[in-house]
file input-v8.tsv (TSV, C-alpha atoms)
chain	number	residue	atom	x	y	z
A	16	MET	CA	-46.91	-90.36	91.96
A	17	LYS	CA	-43.23	-90.95	92.60
A	18	LEU	CA	-41.88	-94.33	93.72
A	19	SER	CA	-40.98	-92.79	97.10
A	20	GLU	CA	-44.56	-91.51	97.54
A	21	PHE	CA	-45.95	-94.96	96.78
A	22	GLU	CA	-43.56	-96.47	99.31
A	23	ALA	CA	-44.67	-94.04	102.02
A	24	LEU	CA	-48.39	-94.28	101.24
A	25	SER	CA	-48.60	-98.05	100.95
A	26	GLY	CA	-46.08	-99.06	103.59
A	27	ALA	CA	-44.65	-101.45	100.99
A	28	LYS	CA	-41.15	-102.75	101.53
A	29	ARG	CA	-38.59	-101.70	98.93
A	30	LEU	CA	-36.64	-104.88	98.14
A	31	THR	CA	-34.11	-103.39	95.74
A	32	LYS	CA	-31.49	-100.76	96.56
A	33	PRO	CA	-32.62	-97.14	96.12
A	34	MET	CA	-32.53	-96.17	92.46
A	35	GLU	CA	-33.87	-93.21	90.47
A	36	ASP	CA	-37.11	-91.93	92.08
A	37	ARG	CA	-39.19	-92.40	88.95
A	38	GLU	CA	-42.70	-91.17	88.31
A	39	ILE	CA	-45.36	-93.90	88.14
A	40	THR	CA	-47.19	-93.00	84.92
A	41	ALA	CA	-49.81	-95.77	84.93
A	42	GLY	CA	-50.81	-98.96	86.70
A	43	TYR	CA	-51.61	-102.47	85.52
A	44	THR	CA	-52.22	-105.78	87.21
A	45	CYS	CA	-52.03	-109.15	85.43
A	46	ASP	CA	-50.19	-112.43	85.88
A	47	LEU	CA	-50.12	-113.49	82.23
A	48	LEU	CA	-46.86	-112.24	80.79
A	49	SER	CA	-48.01	-111.89	77.19
A	50	HIS	CA	-50.92	-109.69	78.27
A	51	VAL	CA	-48.41	-107.52	80.08
A	52	MET	CA	-46.14	-107.46	77.00
A	53	GLY	CA	-49.13	-106.41	74.92
A	54	ARG	CA	-50.41	-103.67	77.23
A	55	GLY	CA	-47.36	-102.53	79.19
A	56	GLN	CA	-45.96	-99.05	78.83
A	57	ALA	CA	-42.88	-97.21	80.04
A	58	GLY	CA	-43.12	-95.84	83.58
A	59	MET	CA	-45.85	-98.28	84.59
A	60	ALA	CA	-46.27	-99.93	88.00
A	61	TRP	CA	-46.97	-103.65	87.46
A	62	ILE	CA	-48.71	-105.61	90.20
A	63	THR	CA	-48.22	-109.36	89.86
A	64	VAL	CA	-48.02	-112.52	91.96
A	65	GLN	CA	-45.43	-113.94	89.55
A	66	THR	CA	-42.01	-113.74	91.18
A	67	HIS	CA	-39.67	-115.48	88.74
A	68	MET	CA	-36.84	-114.16	86.57
A	69	ASN	CA	-39.02	-113.52	83.51
A	70	VAL	CA	-40.95	-110.83	85.39
A	71	ILE	CA	-37.77	-108.77	85.56
A	72	ALA	CA	-37.07	-109.41	81.87
A	73	VAL	CA	-40.52	-108.09	80.89
A	74	ALA	CA	-40.29	-105.09	83.23
A	75	ALA	CA	-36.83	-104.17	81.91
A	76	LEU	CA	-37.71	-104.60	78.24
A	77	LEU	CA	-40.72	-102.30	78.57
A	78	ASP	CA	-38.99	-99.88	80.99
A	79	PHE	CA	-41.50	-100.14	83.85
A	80	ALA	CA	-41.07	-97.88	86.90
A	81	CYS	CA	-41.54	-100.75	89.33
A	82	VAL	CA	-42.94	-104.21	90.02
A	83	ILE	CA	-45.15	-104.61	93.11
A	84	VAL	CA	-45.67	-108.06	94.59
A	85	PRO	CA	-48.87	-108.22	96.66
A	86	GLU	CA	-49.48	-110.13	99.89
A	87	SER	CA	-45.73	-110.07	100.59
A	88	LEU	CA	-45.09	-113.21	98.58
A	89	PRO	CA	-41.49	-114.37	98.97
A	90	ILE	CA	-38.95	-113.43	96.29
A	91	GLU	CA	-35.65	-115.23	95.86
A	92	ALA	CA	-32.33	-113.38	96.07
A	93	PRO	CA	-31.27	-113.95	92.42
A	94	ILE	CA	-34.47	-112.21	91.28
A	95	LEU	CA	-33.63	-109.16	93.40
A	96	ALA	CA	-30.07	-109.11	92.06
A	97	LYS	CA	-31.36	-109.25	88.49
A	98	ALA	CA	-33.85	-106.43	89.21
A	99	GLU	CA	-31.04	-104.23	90.53
A	100	GLU	CA	-28.85	-105.08	87.55
A	101	GLU	CA	-31.68	-104.06	85.19
A	102	GLY	CA	-32.62	-100.95	87.18
A	103	ILE	CA	-36.09	-102.17	88.12
A	104	THR	CA	-37.44	-101.24	91.57
A	105	LEU	CA	-39.19	-104.12	93.33
A	106	PHE	CA	-41.69	-103.69	96.17
A	107	ALA	CA	-43.41	-106.28	98.37
A	108	SER	CA	-46.63	-105.20	100.02
A	109	ASP	CA	-48.88	-106.76	102.64
A	110	LEU	CA	-51.84	-105.42	100.66
A	111	THR	CA	-53.72	-107.54	98.11
A	112	ALA	CA	-53.55	-106.69	94.40
A	113	TYR	CA	-57.05	-105.22	94.70
A	114	GLU	CA	-56.06	-102.94	97.58
A	115	LEU	CA	-52.91	-101.84	95.74
A	116	VAL	CA	-54.89	-100.92	92.62
A	117	ALA	CA	-57.38	-98.96	94.76
A	118	LEU	CA	-54.56	-97.09	96.48
A	119	LEU	CA	-52.80	-96.17	93.22
A	120	ALA	CA	-56.08	-95.11	91.59
A	121	ALA	CA	-57.13	-93.03	94.62
A	122	HIS	CA	-53.87	-91.09	94.28
A	123	GLY	CA	-54.27	-90.31	90.61
A	124	VAL	CA	-52.42	-93.16	88.90
A	125	GLY	CA	-54.49	-94.03	85.83
A	126	PRO	CA	-54.71	-97.11	83.60
A	127	VAL	CA	-52.40	-97.86	80.68
A	128	SER	CA	-53.38	-96.34	77.35
A	129	ARG	CA	-55.80	-98.48	75.32
A	130	SER	CA	-54.44	-97.63	71.89
B	26	MET	CA	-25.33	-102.48	57.90
B	27	ILE	CA	-25.54	-104.55	61.05
B	28	LYS	CA	-26.58	-108.18	61.27
B	29	GLU	CA	-26.33	-110.15	64.48
B	30	THR	CA	-27.37	-113.74	65.15
B	31	TYR	CA	-28.12	-114.93	68.68
B	32	PRO	CA	-28.65	-118.61	69.56
B	33	VAL	CA	-31.58	-119.43	71.84
B	34	LYS	CA	-31.51	-122.59	73.96
B	35	ALA	CA	-34.63	-124.70	74.36
B	36	GLY	CA	-36.06	-125.21	77.83
B	37	ASP	CA	-33.89	-122.72	79.75
B	38	MET	CA	-36.57	-120.55	81.37
B	39	THR	CA	-34.09	-118.70	83.57
B	40	ALA	CA	-32.16	-117.38	80.59
B	41	ALA	CA	-35.32	-116.62	78.58
B	42	GLY	CA	-35.27	-112.92	77.78
B	43	ASP	CA	-31.48	-112.55	77.77
B	44	VAL	CA	-31.24	-112.33	73.98
B	45	SER	CA	-34.05	-109.75	73.87
B	46	ALA	CA	-32.22	-107.73	76.52
B	47	ARG	CA	-29.01	-107.82	74.44
B	48	ILE	CA	-30.88	-106.69	71.34
B	49	LYS	CA	-32.48	-103.86	73.32
B	50	ARG	CA	-29.07	-102.72	74.60
B	51	GLN	CA	-27.80	-102.74	71.02
B	52	MET	CA	-30.79	-100.67	69.85
B	53	LYS	CA	-30.18	-98.16	72.65
B	54	GLN	CA	-26.57	-97.77	71.58
B	55	LEU	CA	-27.70	-97.23	68.01
B	56	GLY	CA	-30.18	-94.55	69.08
B	57	ILE	CA	-33.32	-96.30	67.84
B	58	SER	CA	-36.40	-94.32	68.95
B	59	ALA	CA	-38.21	-95.46	72.12
B	60	PRO	CA	-41.56	-96.35	70.44
B	61	ILE	CA	-39.86	-98.55	67.81
B	62	MET	CA	-37.55	-100.06	70.43
B	63	ARG	CA	-40.61	-100.97	72.52
B	64	ARG	CA	-42.37	-102.68	69.60
B	65	ILE	CA	-39.24	-104.60	68.62
B	66	SER	CA	-38.67	-105.64	72.25
B	67	VAL	CA	-42.20	-107.07	72.49
B	68	CYS	CA	-41.56	-109.08	69.31
B	69	THR	CA	-38.08	-110.33	70.17
B	70	TYR	CA	-39.25	-111.37	73.64
B	71	GLU	CA	-42.32	-113.23	72.40
B	72	ALA	CA	-40.25	-114.94	69.72
B	73	GLU	CA	-37.51	-115.85	72.20
B	74	ILE	CA	-40.04	-117.28	74.69
B	75	ASN	CA	-41.61	-119.37	71.91
B	76	LEU	CA	-38.20	-120.80	71.02
B	77	VAL	CA	-37.49	-121.64	74.67
B	78	ILE	CA	-40.91	-123.17	75.33
B	79	HIS	CA	-41.83	-124.86	72.06
B	80	SER	CA	-38.70	-125.58	70.02
B	81	LEU	CA	-35.61	-127.76	70.23
B	82	GLY	CA	-33.49	-124.64	69.91
B	83	GLY	CA	-33.00	-121.94	67.37
B	84	GLU	CA	-31.78	-118.43	66.77
B	85	LEU	CA	-32.88	-114.83	66.56
B	86	THR	CA	-31.35	-112.52	64.00
B	87	PHE	CA	-31.43	-108.75	64.23
B	88	GLU	CA	-30.61	-106.84	61.06
B	89	ILE	CA	-30.59	-103.15	60.27
B	90	MET	CA	-31.30	-102.42	56.63
B	91	PRO	CA	-31.93	-99.12	54.82
B	92	GLY	CA	-35.31	-97.90	56.15
B	93	LYS	CA	-36.09	-100.90	58.28
B	94	ILE	CA	-35.08	-103.34	60.98
B	95	LEU	CA	-35.62	-107.02	60.34
B	96	VAL	CA	-36.03	-109.57	63.15
B	97	CYS	CA	-36.13	-113.28	62.28
B	98	ALA	CA	-36.74	-116.26	64.54
B	99	ARG	CA	-35.78	-119.67	63.20
B	100	ASP	CA	-36.07	-122.91	65.10
B	101	ARG	CA	-35.75	-126.65	64.89
B	102	GLY	CA	-38.74	-128.32	66.43
B	103	PRO	CA	-42.24	-129.72	66.09
B	104	GLY	CA	-43.44	-126.96	63.76
B	105	ILE	CA	-46.99	-125.63	63.73
B	106	ALA	CA	-49.65	-127.80	62.09
B	107	ASP	CA	-52.34	-125.11	61.89
B	108	ILE	CA	-50.94	-121.60	61.63
B	109	ASP	CA	-54.40	-119.94	61.58
B	110	LYS	CA	-55.18	-121.55	64.92
B	111	ALA	CA	-51.79	-120.57	66.32
B	112	MET	CA	-52.46	-116.95	65.31
B	113	THR	CA	-55.77	-116.95	67.23
B	114	GLU	CA	-55.65	-115.06	70.55
B	115	GLY	CA	-55.99	-117.45	73.47
B	116	TRP	CA	-54.94	-120.60	71.60
B	117	SER	CA	-51.83	-122.27	73.01
B	118	THR	CA	-50.15	-125.66	73.29
B	119	ALA	CA	-48.00	-124.64	76.27
B	120	SER	CA	-47.52	-127.07	79.16
B	121	ASN	CA	-49.13	-126.57	82.57
B	122	GLU	CA	-45.69	-125.93	84.01
B	123	VAL	CA	-45.05	-122.84	81.89
B	124	ARG	CA	-48.70	-121.73	82.16
B	125	ASN	CA	-48.20	-121.56	85.92
B	126	MET	CA	-45.37	-119.11	85.26
B	127	GLY	CA	-47.76	-116.87	83.36
B	128	PHE	CA	-46.88	-118.02	79.84
B	129	GLY	CA	-49.13	-119.86	77.41
B	130	ALA	CA	-51.81	-117.17	77.26
B	131	GLY	CA	-51.98	-117.65	73.51
B	132	MET	CA	-50.99	-114.04	72.90
B	133	GLY	CA	-47.41	-114.45	71.66
B	134	LEU	CA	-47.94	-114.64	67.91
B	135	PRO	CA	-50.81	-112.09	67.92
B	136	ASN	CA	-48.59	-109.69	69.92
B	137	MET	CA	-45.82	-110.11	67.34
B	138	LYS	CA	-48.15	-109.50	64.40
B	139	ARG	CA	-49.67	-106.42	66.06
B	140	ASN	CA	-46.32	-104.82	66.83
B	141	ALA	CA	-44.50	-105.50	63.54
B	142	ASP	CA	-45.06	-103.52	60.34
B	143	GLU	CA	-44.43	-106.67	58.30
B	144	PHE	CA	-45.05	-110.18	59.59
B	145	SER	CA	-44.69	-113.58	57.96
B	146	ILE	CA	-44.62	-117.08	59.37
B	147	THR	CA	-43.80	-120.39	57.71
B	148	SER	CA	-43.68	-123.74	59.40
B	149	GLN	CA	-43.09	-127.36	58.55
B	150	VAL	CA	-44.34	-130.03	60.92
B	151	GLY	CA	-41.44	-132.03	62.34
B	152	VAL	CA	-38.86	-129.59	60.98
B	153	GLY	CA	-39.35	-126.12	62.45
B	154	THR	CA	-40.76	-122.64	62.18
B	155	GLU	CA	-39.51	-119.37	60.76
B	156	ILE	CA	-40.96	-115.97	61.62
B	157	SER	CA	-39.87	-112.79	59.92
B	158	MET	CA	-40.80	-109.33	61.20
B	159	GLY	CA	-40.01	-105.97	59.65
B	160	PHE	CA	-40.09	-102.58	61.38
B	161	LEU	CA	-40.00	-99.39	59.33
B	162	ILE	CA	-37.57	-96.78	60.67
call {"tool": "encode", "arguments": {"input": "input-v8.tsv", "output": "structure tokens"}}
result
Amino acid sequence: MKLSEFEALSGAKRLTKPMEDREITAGYTCDLLSHVMGRGQAGMAWITVQTHMNVIAVAALLDFACVIVPESLPIEAPILAKAEEEGITLFASDLTAYELVALLAAHGVGPVSRS
Amino acid sequence: MIKETYPVKAGDMTAAGDVSARIKRQMKQLGISAPIMRRISVCTYEAEINLVIHSLGGELTFEIMPGKILVCARDRGPGIADIDKAMTEGWSTASNEVRNMGFGAGMGLPNMKRNADEFSITSQVGVGTEISMGFLI
């Protein structure tokens, strides 16, 4: 699934400027950053309620395709600026994390590799 | 050979991750392979976060040697009284404030050990901690 397809399917709001329309290669949801560091893989969509600067740092270091914030939680402008600087696409969705996972899974986005 | 030293400030959560990002940019320029770059990024980030959260300040060094990359984290701070405990997944002394930000899961040191080919840690209570990680290239 491409980022643009996710945007259309979910009705999520793209908060960052349009960037490369990357393929979402896997999905993961967790709010503990070290778990995400341990499991994360390139091209992943990360669903998290954390909305601070370190989220962007983790996403950029591991080359995620996007970060999706559920329940349209507010995100401050400096976070968006940092995301754009690092090339990370940020979405806010009215859906819950559970609904977002179900949507991604129903459209063929699998889990991260367990190795 | 390349050896760079980056200072890390204690307590500055907003800047946490900046040094790891600089090291990643450097690795990209040097053409380090993506899988090794990923493992090193996990380790530099976890080490950097530990310095910000737990220490009074310190530094990360990134060194390219024949056949391997060496990453060291040195800090001044409280040190670790029981290293075996600190290496146990889920064990953490992080404050509630940083736990609310999603840190303090007790996975930092285990993540570093898992992602490095060589890992050593020494610590002196009341003085500081030194972690050395080697990555074969």
call {"tool": "atom_distance", "arguments": {"input": "input-v8.tsv", "atom1": "atom CA of Ile146 of chain B", "atom2": "atom CA of Gln54 of chain B"}}
result
29.1 Å
call {"tool": "closest_residue", "arguments": {"input": "input-v8.tsv", "among": "A:Lys97, A:Val82, A:Tyr43, A:Pro33", "to": "chain B", "atoms": "all atoms listed in the file"}}
result
A:Lys97
call {"tool": "interface_residues", "arguments": {"input": "input-v8.tsv", "of": "chain A", "to": "chain B", "cutoff": "7 Å", "atoms": "only C-alpha atoms", "output": "list in words"}}
result
Asp46, Leu47, Leu48, Ser49, His50, Met52, Gly53, Gln65, Met68, Asn69, Ala72, Leu76 and Leu77 of chain A
call {"tool": "closest_residue", "arguments": {"input": "input-v8.tsv", "among": "A:Ile62, A:Leu115, A:Ala121, A:Cys81", "to": "Asp36 of chain A", "atoms": "all atoms listed in the file"}}
result
A:Cys81
call {"tool": "closest_residue", "arguments": {"input": "input-v8.tsv", "among": "A:Met59, A:Leu30, A:Ile71, A:Val64", "to": "Glu100 of chain A", "atoms": "all atoms listed in the file"}}
result
A:Ile71
call {"tool": "atom_distance", "arguments": {"input": "input-v8.tsv", "atom1": "atom CA of Gly153 of chain B", "atom2": "atom CA of Met26 of chain B"}}
result
27.9 Å
call {"tool": "residues_around", "arguments": {"input": "input-v8.tsv", "residues": "Met16 of chain A", "least_positions_apart": "4", "cutoff": "8 Å", "atoms": "all atoms listed in the file", "output": "PyMOL selection string"}}
result
chain A and resi 20-21+38-40+122-124
call {"tool": "write_last_selection", "arguments": {"input": "input-v8.tsv", "atoms": "C-alpha atoms", "output": "JSON list (two decimals), keeping the file's coordinate frame"}}
result
[["chain", "number", "residue", "atom", "x", "y", "z"],
["A", 20, "GLU", "CA", -44.56, -91.51, 97.54],
["A", 21, "PHE", "CA", -45.95, -94.96, 96.78],
["A", 38, "GLU", "CA", -42.70, -91.17, 88.31],
["A", 39, "ILE", "CA", -45.36, -93.90, 88.14],
["A", 40, "THR", "CA", -47.19, -93.00, 84.92],
["A", 122, "HIS", "CA", -53.87, -91.09, 94.28],
["A", 123, "GLY", "CA", -54.27, -90.31, 90.61],
["A", 124, "VAL", "CA", -52.42, -93.16, 88.90]]
call {"tool": "residues_around", "arguments": {"input": "input-v8.tsv", "residues": "Glu91 of chain A", "least_positions_apart": "4", "cutoff": "9 Å", "atoms": "all atoms listed in the file", "output": "list in words"}}
result
Thr66, His67 and Leu95 of chain A
call {"tool": "residues_around", "arguments": {"input": "input-v8.tsv", "residues": "Phe144 of chain B", "least_positions_apart": "2", "cutoff": "8 Å", "atoms": "all atoms listed in the file", "output": "number ranges by chain"}}
result
B: 137-138, 141-142, 146, 156-159
call {"tool": "atom_distance", "arguments": {"input": "input-v8.tsv", "atom1": "atom CA of Glu84 of chain B", "atom2": "atom CA of Cys97 of chain B"}}
result
8.1 Å
call {"tool": "residues_near_point", "arguments": {"input": "input-v8.tsv", "point": "(-30.0, -95.6, 65.8)", "cutoff": "12 Å", "atoms": "only C-alpha atoms", "output": "ChimeraX atom specification"}}
result
/B:26-27,49-59,61-62,89-94,162
call {"tool": "residues_near_point", "arguments": {"input": "input-v8.tsv", "point": "(-48.9, -100.8, 85.6)", "cutoff": "9 Å", "atoms": "only C-alpha atoms", "output": "MDAnalysis selection string"}}
result
chainID A and resid 39:45 51 54:62 79:82 125:127
call {"tool": "axis_aligned_box", "arguments": {"input": "input-v8.tsv", "around": "segment 57-62 of chain A", "padding_each_side": "8 Å", "output": "lines of an AutoDock Vina configuration file"}}
result
center_x = -45.8
center_y = -100.7
center_z = 85.1
size_x = 21.8
size_y = 25.8
size_z = 26.2
call {"tool": "closest_residue", "arguments": {"input": "input-v8.tsv", "among": "A:Leu119, A:Glu86, A:Ala92, A:Arg29", "to": "Thr104 of chain A", "atoms": "only C-alpha atoms"}}
result
A:Arg29
call {"tool": "closest_residue", "arguments": {"input": "input-v8.tsv", "among": "B:Ala106, B:Val123, B:Val44, B:Met112", "to": "Thr154 of chain B", "atoms": "all atoms listed in the file"}}
result
B:Ala106
call {"tool": "build_atoms", "arguments": {"input": "input-v8.tsv", "residues": "segment 95-107 of chain A", "atoms": "N, CA and C atoms", "output": "JSON list (two decimals), keeping the file's coordinate frame"}}
result
[["chain", "number", "residue", "atom", "x", "y", "z"],
["A", 95, "LEU", "N", -33.92, -110.53, 92.93],
["A", 95, "LEU", "CA", -33.63, -109.16, 93.40],
["A", 95, "LEU", "C", -32.34, -108.64, 92.76],
["A", 96, "ALA", "N", -31.35, -109.52, 92.67],
["A", 96, "ALA", "CA", -30.07, -109.11, 92.06],
["A", 96, "ALA", "C", -30.28, -108.74, 90.59],
["A", 97, "LYS", "N", -31.09, -109.53, 89.90],
["A", 97, "LYS", "CA", -31.36, -109.25, 88.49],
["A", 97, "LYS", "C", -32.12, -107.92, 88.34],
["A", 98, "ALA", "N", -33.08, -107.68, 89.25],
["A", 98, "ALA", "CA", -33.85, -106.43, 89.21],
["A", 98, "ALA", "C", -32.91, -105.23, 89.38],
["A", 99, "GLU", "N", -31.98, -105.34, 90.31],
["A", 99, "GLU", "CA", -31.04, -104.23, 90.53],
["A", 99, "GLU", "C", -30.14, -104.03, 89.31],
["A", 100, "GLU", "N", -29.70, -105.14, 88.75],
["A", 100, "GLU", "CA", -28.85, -105.08, 87.55],
["A", 100, "GLU", "C", -29.59, -104.38, 86.40],
["A", 101, "GLU", "N", -30.89, -104.62, 86.29],
["A", 101, "GLU", "CA", -31.68, -104.06, 85.19],
["A", 101, "GLU", "C", -32.29, -102.71, 85.54],
["A", 102, "GLY", "N", -32.09, -102.26, 86.78],
["A", 102, "GLY", "CA", -32.62, -100.95, 87.18],
["A", 102, "GLY", "C", -34.11, -100.94, 87.43],
["A", 103, "ILE", "N", -34.66, -102.08, 87.83],
["A", 103, "ILE", "CA", -36.09, -102.17, 88.12],
["A", 103, "ILE", "C", -36.30, -102.19, 89.63],
["A", 104, "THR", "N", -37.13, -101.27, 90.13],
["A", 104, "THR", "CA", -37.44, -101.24, 91.57],
["A", 104, "THR", "C", -38.52, -102.28, 91.87],
["A", 105, "LEU", "N", -38.27, -103.04, 92.94],
["A", 105, "LEU", "CA", -39.19, -104.12, 93.33],
["A", 105, "LEU", "C", -39.72, -103.82, 94.73],
["A", 106, "PHE", "N", -41.06, -103.86, 94.87],
["A", 106, "PHE", "CA", -41.69, -103.69, 96.17],
["A", 106, "PHE", "C", -42.44, -104.96, 96.55],
["A", 107, "ALA", "N", -42.50, -105.25, 97.86],
["A", 107, "ALA", "CA", -43.41, -106.28, 98.37],
["A", 107, "ALA", "C", -44.34, -105.58, 99.34]]
